[in-house]
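J.: First, the structure itself, so that you have it in front of you.
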Amino acid sequence: MGMVEMSPKVVARAASPVVGLVLSFVLALGGIAAAHHSNAAYDLDHPQTMEGTVKAVNWTNPHITFVIEKDAKSGEQAATWVFEVSSPGVLTRSGWTKRSLQPGDHAVFRYAPLRDGNPGGFLLKVTLPSGQELTYSLTPAEQ
């Protein structure tokens, strides 16, 4: 069997739908990745503060989460909140360890609340009873 030669125009026409499909797929995944790293769910313009006790710590990639039992205050009931924070790598470079905040620890939490009003948010800073502040930086220049 001999090889069939095709002109560059025929090859380009045959490859065009495949290239278009691959390009669409890459762009779609880029949108998903951008949405995953978006802070749109959080109201960063109106940070809030609350006191509570750590119930659980999930020190895993891609984002660490803390489950907090909010202190009951004047007529409010205690409530369970979930705070997301950056990755273990970012917190470790900022001086945190897996033991910096453990179940049973009481602290003051500064956070950007969820825009939908659910009990949770993006954790910005933790102040321990000793006065120690746990913060982090997303850029190495700020560390």
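Starting from 1 in every chain, residues are counted up; chains themselves are A, B, ... following the order of the structure tokens, and ligands are numbered from 1 as listed.
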Can you pull out every residue within 6 Å of Asp43 (chain A), counting only C-alpha atoms, but drop anything in the same chain fewer than 4 positions away, and send it as a list in words?
T.: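 The neighbour list is Ala112, Pro113 and Arg115 of chain A.
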J.: Please produce an output containing C-alpha atoms for each residue in the selection, written as a PDB file, in the first residue's frame.
T.:
ATOM      1  CA  ALA A 112     -15.063  38.134  54.975  1.00  0.00           C
ATOM      2  CA  PRO A 113     -18.637  36.802  55.236  1.00  0.00           C
ATOM      3  CA  ARG A 115     -22.451  36.936  50.322  1.00  0.00           C
TER       4      ARG A 115
END
J.: Residues within 12 Å of region 73-76 of chain A, please, as a list in words. Count only C-alpha atoms; anything in the same chain fewer than 4 positions from it doesn't count.
T.: Met50, Glu51 and Gly52 of chain A
J.: From the options A:Pro47, A:Gly131, A:Ser87, A:Val57, which residue's atoms come nearest to Ser100 (chain A), counting only C-alpha atoms?
T.: A:Val57
J.: Quick one: distance from CA of Val90 (chain A) to CA of Asp71 (chain A) in Å, one decimal?
T.: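 Atom-to-atom, CA of Val90 (chain A) to CA of Asp71 (chain A), that is 28.3 Å.
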J.: What does the distance from CA of Thr97 (chain A) to CA of Thr80 (chain A) come to in Å, to one decimal?
T.: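 Between these atoms lies a distance of 23.4 Å.
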J.: Go through A:Ala41, A:Trp59, A:Val126, A:His46 one by one, measure the shortest atom-to-atom distance of each to Thr92 (chain A) using only C-alpha atoms, and give the residue with the smallest value.
T.: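 Checking each candidate against Thr92 (chain A), we get A:Trp59 as the closest.
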J.: Write out as a list in words the residues lying within 12 Å of Ser130 (chain A), counting only C-alpha atoms and excluding same-chain residues fewer than 6 positions away.
T.: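 Neighbouring residues, sequence-local ones excluded: Asp105, His106, Ala107 and Val108 of chain A.
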